[in-house]
Amino acid sequence: MDTLGNLIVSSPNIKYTDDFIYSDYEYKDTLVTRNGNDLVAKPYQSSLQIRTGRRIGKVGVMLVGWGGNNGSTFTAAVLANRHQLSWNTRNGKLDSNWFGSITQASTVRLGLDEKGNDVFVGMSQVLPMVHPDDLVIDGWDISPLNLAESMVRAKVIEYDLQMKLKKEMSAMKPRPAIYDPDFIAANQADRATNLIRGTRYEQYLQIRADIKDFRDENDLDKVIVLWTANTERFCEVKPGVHDSDVNLEKALRANDPEISPSTIFALAAIDEGCCYINGSPQNTLVAGVVERAEKRGVFVAGDDFKSGQTKLKSVLVDFLVSAGLKPVSIVSYNHLGNNDGKNLSAPKQFRSKEITKSNVVDDMVESNRILYAQGEKPDHVVVIKYVPYVGDSKRAMDEYTSEILLHGTNTIVVHNTCEDSLLAVPLILDLVVLAELFARVSFRRQATDEWSGMHAVLSPLAYLLKAPLVPPGTPVVNALFKQRACIDNILRACLALPPATHMQLEHKVPFLMSELRSGAMFAASPPLKKQKLAHENGDQ
């Protein structure tokens, strides 16, 4: 595996300038029409030009719920890695890392070398991406504790590392946040002493002022706002309130009780030109919010961080269905003791989480009409219990029962123990890094057309989200490998590289095997171009 050095693409279909990477790309798929009982498949091809901005600028992150387990752990992780800290534990000396982050700790298959071996590069090497060390962090919280105090309360970070971070994090204090006891559990009231008062519209104006103050004070080029606060109950989505940008604005000014705190943060972020990412299951990104983002040319993404348990669920169900087995019962039991678990002990907040956890298998079921009749789904039950003693160490137990040959059954039981925030924080980082990158990518069909960015709803981030929001009328993809392939192949398309097919015909077809081993395959490739090509880790 080669993860060092700069990535250089030699192709007549790519051009580098100081500001952009230009790619000429052939997008291919298969169109299928129905003619009676026949399915007619026809190849489809569309010529696109893709432009990726190379200049990142100075990026700020504002976390809603900065003083919570995720927010304090994210800040600690950024600082620990920025300062390359080590700390002592009973298991010896440990070093900081970004394990769990796909942008910082996973690789992308680039191609094959002269010997036929796969070559991999770190994802952050493929295109210019913001480096975690360069992020400026701020945020809001209903608790007034500074970030060092929040870190101690969370009980996630090792004690020796806490001591090394204490001085710097003590100087970080969350801005007042919105507290609406109708949307989060009543058991959060004892924390809620650091608040933005006033009507919903007045709260919206204060959040906008906070974003502007943060941007100006730190001379930032862009700010990304991410919700990692408590799970809210689902708001009651109403016609005439949530269904359009205009109606949502009227409802906000009228102090409508079904405008949730998360929606207020989303509206304020969008109106300040900030990407907004929703990391908790709730009806935040309603139609009016999406319409507003489209009008402002701003990106939104959500919903709910995809934990290890959910990733495992999507992998297992996809594996079973792809193997021709029929999952008929999926039962998930969780218990955890952090503040997220405490909030989820309230029925309405649990219901929000239950919905996002229950929908993660739908597209995989829909993909196989041999196994499932129209409208048929597995029984899917989700249970979450609050157990204070276990703290941030979440226990998850899942049972998957499938029908096999001649209606026999097969049951797989999985027990998973994970440190919840240490799994969630790398997802927060990846959401920020990839959202910032995709905001610099635009498309057009030919040179005479105007450049168009991606849709305001950043559905390519689905790999990181449990219940990913998609543009209206777009199918939701929950299958994990499809979600990851989407990210990898978009990055490849930006460099005029074909999708990774994993066919490896050069190891299966005799004449291609001969061309590889003789060197003829490499000799036929175009000569290396000499251009300004370096862009490792977000060349600016």
# chains A, B, ... in the order shown; residues from 1 in each chain; ligands from 1
call {"tool": "closest_atom_pairs", "arguments": {"of": "region 239-337 of chain A", "to": "region 359-370 of chain A", "cutoff": "8 Å", "atoms": "only C-alpha atoms", "output": "tab-separated table"}}
result
residue	atom	partner	partner_atom	distance
A:Thr310	CA	A:Val360	CA	7.6
A:Lys313	CA	A:Val361	CA	8.0
A:Ser314	CA	A:Val361	CA	6.3
A:Val317	CA	A:Val361	CA	6.9
A:Asp318	CA	A:Met364	CA	6.0
A:Val321	CA	A:Met364	CA	7.1
call {"tool": "residues_around", "arguments": {"residues": "Pro239 (chain A)", "least_positions_apart": "3", "cutoff": "12 Å", "atoms": "only C-alpha atoms", "output": "mmCIF file with all heavy atoms, in the first residue's frame"}}
result
data_model
loop_
_atom_site.group_PDB
_atom_site.id
_atom_site.type_symbol
_atom_site.label_atom_id
_atom_site.label_comp_id
_atom_site.auth_asym_id
_atom_site.auth_seq_id
_atom_site.Cartn_x
_atom_site.Cartn_y
_atom_site.Cartn_z
ATOM 1 N N GLU A 236 -44.389 18.090 14.321
ATOM 2 C CA GLU A 236 -45.592 17.772 13.557
ATOM 3 C C GLU A 236 -45.552 18.588 12.264
ATOM 4 O O GLU A 236 -45.839 19.780 12.259
ATOM 5 C CB GLU A 236 -46.841 18.113 14.370
ATOM 6 C CG GLU A 236 -48.140 17.737 13.679
ATOM 7 C CD GLU A 236 -49.364 18.156 14.478
ATOM 8 O OE1 GLU A 236 -49.224 18.409 15.686
ATOM 9 O OE2 GLU A 236 -50.456 18.235 13.867
ATOM 10 N N HIS A 242 -44.403 24.055 7.237
ATOM 11 C CA HIS A 242 -43.098 23.487 6.889
ATOM 12 C C HIS A 242 -42.912 23.217 5.402
ATOM 13 O O HIS A 242 -41.831 22.815 4.980
ATOM 14 C CB HIS A 242 -42.906 22.160 7.639
ATOM 15 C CG HIS A 242 -43.018 22.269 9.121
ATOM 16 N ND1 HIS A 242 -44.200 22.062 9.799
ATOM 17 C CD2 HIS A 242 -42.091 22.570 10.063
ATOM 18 C CE1 HIS A 242 -43.999 22.218 11.098
ATOM 19 N NE2 HIS A 242 -42.733 22.531 11.297
ATOM 20 N N ASP A 243 -43.939 23.429 4.593
ATOM 21 C CA ASP A 243 -43.922 22.930 3.217
ATOM 22 C C ASP A 243 -43.258 23.856 2.208
ATOM 23 O O ASP A 243 -43.082 23.477 1.055
ATOM 24 C CB ASP A 243 -45.342 22.593 2.760
ATOM 25 C CG ASP A 243 -46.321 23.748 2.976
ATOM 26 O OD1 ASP A 243 -45.906 24.790 3.541
ATOM 27 O OD2 ASP A 243 -47.495 23.600 2.596
ATOM 28 N N SER A 244 -42.921 25.071 2.591
ATOM 29 C CA SER A 244 -42.253 25.973 1.652
ATOM 30 C C SER A 244 -41.396 26.966 2.418
ATOM 31 O O SER A 244 -41.608 27.202 3.621
ATOM 32 C CB SER A 244 -43.263 26.729 0.778
ATOM 33 O OG SER A 244 -43.921 27.742 1.531
ATOM 34 N N ASP A 245 -40.456 27.546 1.723
ATOM 35 C CA ASP A 245 -39.588 28.555 2.330
ATOM 36 C C ASP A 245 -40.401 29.734 2.848
ATOM 37 O O ASP A 245 -40.201 30.208 3.976
ATOM 38 C CB ASP A 245 -38.568 29.009 1.277
ATOM 39 C CG ASP A 245 -37.646 30.096 1.791
ATOM 40 O OD1 ASP A 245 -37.407 30.149 3.015
ATOM 41 O OD2 ASP A 245 -37.164 30.895 0.976
ATOM 42 N N VAL A 246 -41.353 30.206 2.047
ATOM 43 C CA VAL A 246 -42.168 31.364 2.429
ATOM 44 C C VAL A 246 -42.989 31.051 3.670
ATOM 45 O O VAL A 246 -43.043 31.843 4.631
ATOM 46 C CB VAL A 246 -43.079 31.794 1.261
ATOM 47 C CG1 VAL A 246 -44.074 32.864 1.727
ATOM 48 C CG2 VAL A 246 -42.246 32.312 0.096
ATOM 49 N N ASN A 247 -43.644 29.889 3.695
ATOM 50 C CA ASN A 247 -44.467 29.523 4.849
ATOM 51 C C ASN A 247 -43.630 29.312 6.109
ATOM 52 O O ASN A 247 -44.053 29.659 7.222
ATOM 53 C CB ASN A 247 -45.274 28.266 4.541
ATOM 54 C CG ASN A 247 -46.396 28.523 3.557
ATOM 55 O OD1 ASN A 247 -46.839 29.646 3.386
ATOM 56 N ND2 ASN A 247 -46.846 27.472 2.884
ATOM 57 N N LEU A 248 -42.446 28.757 5.930
ATOM 58 C CA LEU A 248 -41.578 28.535 7.079
ATOM 59 C C LEU A 248 -41.127 29.861 7.686
ATOM 60 O O LEU A 248 -41.071 30.012 8.907
ATOM 61 C CB LEU A 248 -40.364 27.700 6.647
ATOM 62 C CG LEU A 248 -39.564 27.008 7.743
ATOM 63 C CD1 LEU A 248 -40.430 26.082 8.563
ATOM 64 C CD2 LEU A 248 -38.394 26.233 7.125
ATOM 65 N N ALA A 251 -44.040 31.254 9.641
ATOM 66 C CA ALA A 251 -44.225 30.505 10.880
ATOM 67 C C ALA A 251 -43.155 30.851 11.908
ATOM 68 O O ALA A 251 -43.429 30.932 13.113
ATOM 69 C CB ALA A 251 -44.208 29.006 10.587
ATOM 70 N N GLU A 258 -44.381 24.514 16.430
ATOM 71 C CA GLU A 258 -43.811 23.346 15.756
ATOM 72 C C GLU A 258 -42.553 23.687 14.949
ATOM 73 O O GLU A 258 -42.102 22.865 14.151
ATOM 74 C CB GLU A 258 -44.855 22.676 14.874
ATOM 75 C CG GLU A 258 -45.912 21.915 15.669
ATOM 76 C CD GLU A 258 -45.309 20.833 16.573
ATOM 77 O OE1 GLU A 258 -44.382 20.129 16.131
ATOM 78 O OE2 GLU A 258 -45.775 20.705 17.724
ATOM 79 N N VAL A 286 -37.023 19.903 6.805
ATOM 80 C CA VAL A 286 -38.330 19.827 6.151
ATOM 81 C C VAL A 286 -38.253 20.499 4.789
ATOM 82 O O VAL A 286 -37.248 21.134 4.435
ATOM 83 C CB VAL A 286 -39.409 20.490 7.031
ATOM 84 C CG1 VAL A 286 -39.649 19.666 8.274
ATOM 85 C CG2 VAL A 286 -39.018 21.926 7.400
ATOM 86 N N ALA A 287 -39.339 20.375 4.006
ATOM 87 C CA ALA A 287 -39.336 20.881 2.624
ATOM 88 C C ALA A 287 -38.958 22.360 2.553
ATOM 89 O O ALA A 287 -38.224 22.786 1.659
ATOM 90 C CB ALA A 287 -40.708 20.652 1.996
ATOM 91 N N GLY A 288 -39.457 23.158 3.510
ATOM 92 C CA GLY A 288 -39.148 24.587 3.499
ATOM 93 C C GLY A 288 -37.682 24.865 3.711
ATOM 94 O O GLY A 288 -37.119 25.799 3.115
#
call {"tool": "select_by_dssp", "arguments": {"residues": "region 102-186 of chain A", "states": "alpha helix (DSSP H)", "output": "count of residues only"}}
result
28
call {"tool": "closest_atom_pairs", "arguments": {"of": "region 13-128 of chain A", "to": "region 456-474 of chain A", "cutoff": "12 Å", "atoms": "only C-alpha atoms", "output": "CSV"}}
result
residue,atom,partner,partner_atom,distance
A:Gly100,CA,A:Leu464,CA,11.1
A:Ser101,CA,A:Leu464,CA,10.0
A:Ile102,CA,A:Leu464,CA,9.5
A:Thr103,CA,A:Leu464,CA,11.4
call {"tool": "write_last_selection", "arguments": {"atoms": "all heavy atoms", "output": "CSV table (one decimal), in the first residue's frame"}}
result
chain,number,residue,atom,x,y,z
A,100,GLY,N,-11.2,5.4,12.6
A,100,GLY,CA,-12.6,5.6,12.5
A,100,GLY,C,-13.1,6.6,11.5
A,100,GLY,O,-14.2,6.6,11.1
A,101,SER,N,-12.1,7.4,11.0
A,101,SER,CA,-12.4,8.4,10.0
A,101,SER,C,-12.1,7.9,8.6
A,101,SER,O,-10.9,7.4,8.4
A,101,SER,CB,-11.6,9.7,10.3
A,101,SER,OG,-11.5,10.5,9.1
A,102,ILE,N,-13.0,7.9,7.7
A,102,ILE,CA,-12.7,7.4,6.4
A,102,ILE,C,-11.8,8.4,5.6
A,102,ILE,O,-11.0,8.0,4.8
A,102,ILE,CB,-13.9,7.1,5.5
A,102,ILE,CG1,-14.8,8.4,5.3
A,102,ILE,CG2,-14.7,6.0,6.1
A,102,ILE,CD1,-15.9,8.1,4.2
A,103,THR,N,-11.9,9.7,5.9
A,103,THR,CA,-11.0,10.6,5.2
A,103,THR,C,-9.6,10.6,5.7
A,103,THR,O,-8.7,10.8,4.9
A,103,THR,CB,-11.5,12.1,5.3
A,103,THR,OG1,-11.6,12.5,6.7
A,103,THR,CG2,-12.9,12.2,4.7
call {"tool": "residues_around", "arguments": {"residues": "region 71-83 of chain A", "least_positions_apart": "4", "cutoff": "9 Å", "atoms": "only C-alpha atoms", "output": "tab-separated table (two decimals) with N, CA, C and O atoms, in the first residue's frame"}}
result
chain	number	residue	atom	x	y	z
A	63	LEU	N	-20.53	23.71	16.43
A	63	LEU	CA	-21.28	22.55	16.87
A	63	LEU	C	-22.44	22.98	17.77
A	63	LEU	O	-22.23	23.70	18.75
A	64	VAL	N	-23.64	22.54	17.44
A	64	VAL	CA	-24.78	22.72	18.32
A	64	VAL	C	-24.75	21.55	19.30
A	64	VAL	O	-24.86	20.39	18.90
A	65	GLY	N	-24.56	21.84	20.59
A	65	GLY	CA	-24.31	20.81	21.57
A	65	GLY	C	-22.82	20.63	21.78
A	65	GLY	O	-22.34	19.52	22.04
A	66	TRP	N	-22.08	21.73	21.70
A	66	TRP	CA	-20.62	21.69	21.80
A	66	TRP	C	-20.15	21.08	23.12
A	66	TRP	O	-19.13	20.41	23.19
A	67	GLY	N	-20.91	21.31	24.20
A	67	GLY	CA	-20.49	20.83	25.50
A	67	GLY	C	-20.92	19.40	25.81
A	67	GLY	O	-20.66	18.91	26.91
A	95	ASP	N	-0.66	7.07	21.45
A	95	ASP	CA	-0.53	8.26	20.61
A	95	ASP	C	-1.87	8.62	20.00
A	95	ASP	O	-2.73	7.76	19.79
A	96	SER	N	-2.05	9.90	19.66
A	96	SER	CA	-3.29	10.35	19.04
A	96	SER	C	-3.40	9.82	17.62
A	96	SER	O	-2.39	9.58	16.94
A	97	ASN	N	-4.63	9.61	17.16
A	97	ASN	CA	-4.87	9.16	15.79
A	97	ASN	C	-6.29	9.56	15.40
A	97	ASN	O	-7.05	10.10	16.19
A	98	TRP	N	-6.62	9.27	14.14
A	98	TRP	CA	-7.98	9.52	13.64
A	98	TRP	C	-8.64	8.22	13.19
A	98	TRP	O	-9.39	8.20	12.22
A	132	PRO	N	-7.75	18.29	9.35
A	132	PRO	CA	-8.35	18.48	10.68
A	132	PRO	C	-7.60	19.47	11.56
A	132	PRO	O	-8.21	20.19	12.35
A	133	ASP	N	-6.27	19.51	11.43
A	133	ASP	CA	-5.47	20.42	12.25
A	133	ASP	C	-5.82	21.88	12.01
A	133	ASP	O	-5.57	22.74	12.87
A	134	ASP	N	-6.38	22.17	10.82
A	134	ASP	CA	-6.63	23.56	10.44
A	134	ASP	C	-8.03	24.04	10.82
A	134	ASP	O	-8.35	25.22	10.61
A	135	LEU	N	-8.86	23.17	11.37
A	135	LEU	CA	-10.23	23.56	11.70
A	135	LEU	C	-10.26	24.48	12.92
A	135	LEU	O	-9.54	24.28	13.89
A	137	ILE	N	-12.83	25.81	15.86
A	137	ILE	CA	-14.03	25.23	16.46
A	137	ILE	C	-14.70	26.21	17.41
A	137	ILE	O	-14.05	26.92	18.17
A	139	GLY	N	-19.14	26.91	19.09
A	139	GLY	CA	-20.45	26.30	19.12
A	139	GLY	C	-21.33	26.80	20.26
A	139	GLY	O	-21.00	27.77	20.96
A	147	LEU	N	-15.25	23.76	27.94
A	147	LEU	CA	-15.02	22.47	27.27
A	147	LEU	C	-14.19	21.51	28.11
A	147	LEU	O	-14.36	20.28	28.00
A	148	ALA	N	-13.30	22.03	28.96
A	148	ALA	CA	-12.53	21.14	29.84
A	148	ALA	C	-13.47	20.49	30.86
A	148	ALA	O	-13.38	19.28	31.13
A	150	SER	N	-16.69	20.07	30.48
A	150	SER	CA	-17.56	19.17	29.71
A	150	SER	C	-16.86	17.85	29.43
A	150	SER	O	-17.47	16.77	29.48
A	151	MET	N	-15.57	17.92	29.11
A	151	MET	CA	-14.79	16.71	28.84
A	151	MET	C	-14.73	15.82	30.07
A	151	MET	O	-14.87	14.59	29.97
A	154	ALA	N	-18.11	14.16	30.58
A	154	ALA	CA	-18.42	13.13	29.59
A	154	ALA	C	-17.79	11.78	29.91
A	154	ALA	O	-18.31	10.72	29.51
A	156	VAL	N	-15.15	10.31	28.71
A	156	VAL	CA	-14.76	9.60	27.49
A	156	VAL	C	-13.24	9.58	27.33
A	156	VAL	O	-12.65	8.55	27.01
A	157	ILE	N	-12.60	10.73	27.55
A	157	ILE	CA	-11.17	10.89	27.32
A	157	ILE	C	-10.37	10.37	28.53
A	157	ILE	O	-10.74	10.61	29.68
A	161	LEU	N	-4.69	12.31	29.26
A	161	LEU	CA	-4.92	13.19	28.11
A	161	LEU	C	-5.78	14.38	28.51
A	161	LEU	O	-5.56	15.51	28.04
A	162	GLN	N	-6.75	14.17	29.39
A	162	GLN	CA	-7.54	15.30	29.89
A	162	GLN	C	-6.64	16.36	30.51
A	162	GLN	O	-6.82	17.57	30.28
A	164	LYS	N	-3.57	17.03	29.85
A	164	LYS	CA	-2.78	17.72	28.82
A	164	LYS	C	-3.62	18.70	28.01
A	164	LYS	O	-3.10	19.65	27.42
A	165	LEU	N	-4.93	18.47	27.96
A	165	LEU	CA	-5.82	19.33	27.18
A	165	LEU	C	-6.53	20.38	28.03
A	165	LEU	O	-7.15	21.30	27.49
A	168	GLU	N	-6.01	24.41	27.50
A	168	GLU	CA	-6.53	24.95	26.24
A	168	GLU	C	-8.05	24.87	26.19
A	168	GLU	O	-8.72	25.81	25.75
A	169	MET	N	-8.60	23.76	26.65
A	169	MET	CA	-10.05	23.60	26.56
A	169	MET	C	-10.80	24.40	27.63
A	169	MET	O	-11.99	24.70	27.46
A	228	THR	N	-25.13	18.35	16.95
A	228	THR	CA	-24.80	17.13	17.68
A	228	THR	C	-25.36	17.23	19.09
A	228	THR	O	-24.80	16.69	20.04
A	229	ALA	N	-26.48	17.94	19.21
A	229	ALA	CA	-27.16	18.10	20.49
A	229	ALA	C	-28.16	16.97	20.68
A	229	ALA	O	-28.20	16.00	19.92
A	421	SER	N	-19.12	7.87	21.78
A	421	SER	CA	-18.62	9.15	21.25
A	421	SER	C	-17.35	8.96	20.43
A	421	SER	O	-17.09	9.72	19.48
A	422	LEU	N	-16.53	7.97	20.79
A	422	LEU	CA	-15.30	7.72	20.03
A	422	LEU	C	-15.60	7.12	18.66
A	422	LEU	O	-14.74	7.15	17.78
A	424	ALA	N	-18.62	8.19	17.11
A	424	ALA	CA	-19.36	9.28	16.46
A	424	ALA	C	-18.46	10.40	16.00
A	424	ALA	O	-18.68	11.01	14.95
A	425	VAL	N	-17.42	10.72	16.78
A	425	VAL	CA	-16.59	11.88	16.47
A	425	VAL	C	-15.89	11.79	15.11
A	425	VAL	O	-15.87	12.78	14.36
A	426	PRO	N	-15.31	10.65	14.72
A	426	PRO	CA	-14.74	10.58	13.37
A	426	PRO	C	-15.79	10.83	12.27
A	426	PRO	O	-15.45	11.35	11.21
A	428	ILE	N	-18.29	12.93	12.58
A	428	ILE	CA	-18.44	14.39	12.55
A	428	ILE	C	-17.33	15.00	11.69
A	428	ILE	O	-17.58	15.86	10.83
A	429	LEU	N	-16.11	14.54	11.91
A	429	LEU	CA	-15.00	15.06	11.11
A	429	LEU	C	-15.21	14.79	9.63
A	429	LEU	O	-15.06	15.69	8.79
call {"tool": "atom_distance", "arguments": {"atom1": "CA of Ile490 (chain A)", "atom2": "CA of Glu506 (chain A)"}}
result
24.0 Å
call {"tool": "atom_distance", "arguments": {"atom1": "CA of Tyr333 (chain A)", "atom2": "CA of Asp420 (chain A)"}}
result
14.9 Å
call {"tool": "residues_around", "arguments": {"residues": "Gly57 (chain A)", "least_positions_apart": "5", "cutoff": "9 Å", "atoms": "only C-alpha atoms", "output": "list in words"}}
result
Val130, Leu220, Asp221, Lys222 and Gln540 of chain A
call {"tool": "residues_around", "arguments": {"residues": "Asp256 (chain A)", "least_positions_apart": "2", "cutoff": "12 Å", "atoms": "only C-alpha atoms", "output": "list in words"}}
result
Thr199, Arg200, Tyr201, Cys235, Glu236, Val237, Lys238, Gly240, Val241, His242, Asn247, Leu248, Glu249, Lys250, Ala251, Leu252, Arg253, Ala254, Glu258, Ile259, Ser260, Pro261, Thr263 and Ile264 of chain A
call {"tool": "atom_distance", "arguments": {"atom1": "CA of Asn187 (chain A)", "atom2": "CA of Met62 (chain A)"}}
result
25.1 Å
call {"tool": "residues_around", "arguments": {"residues": "region 270-282 of chain A", "least_positions_apart": "2", "cutoff": "8 Å", "atoms": "only C-alpha atoms", "output": "PyMOL selection string"}}
result
chain A and resi 208+211-212+222-235+262+266-268+284-285+292-293+296-305+352-353+356+431+435+465+467
call {"tool": "closest_residue", "arguments": {"among": "A:Val152, A:Lys173, A:Val136, A:Lys377", "to": "Glu217 (chain A)", "atoms": "only C-alpha atoms"}}
result
A:Val136
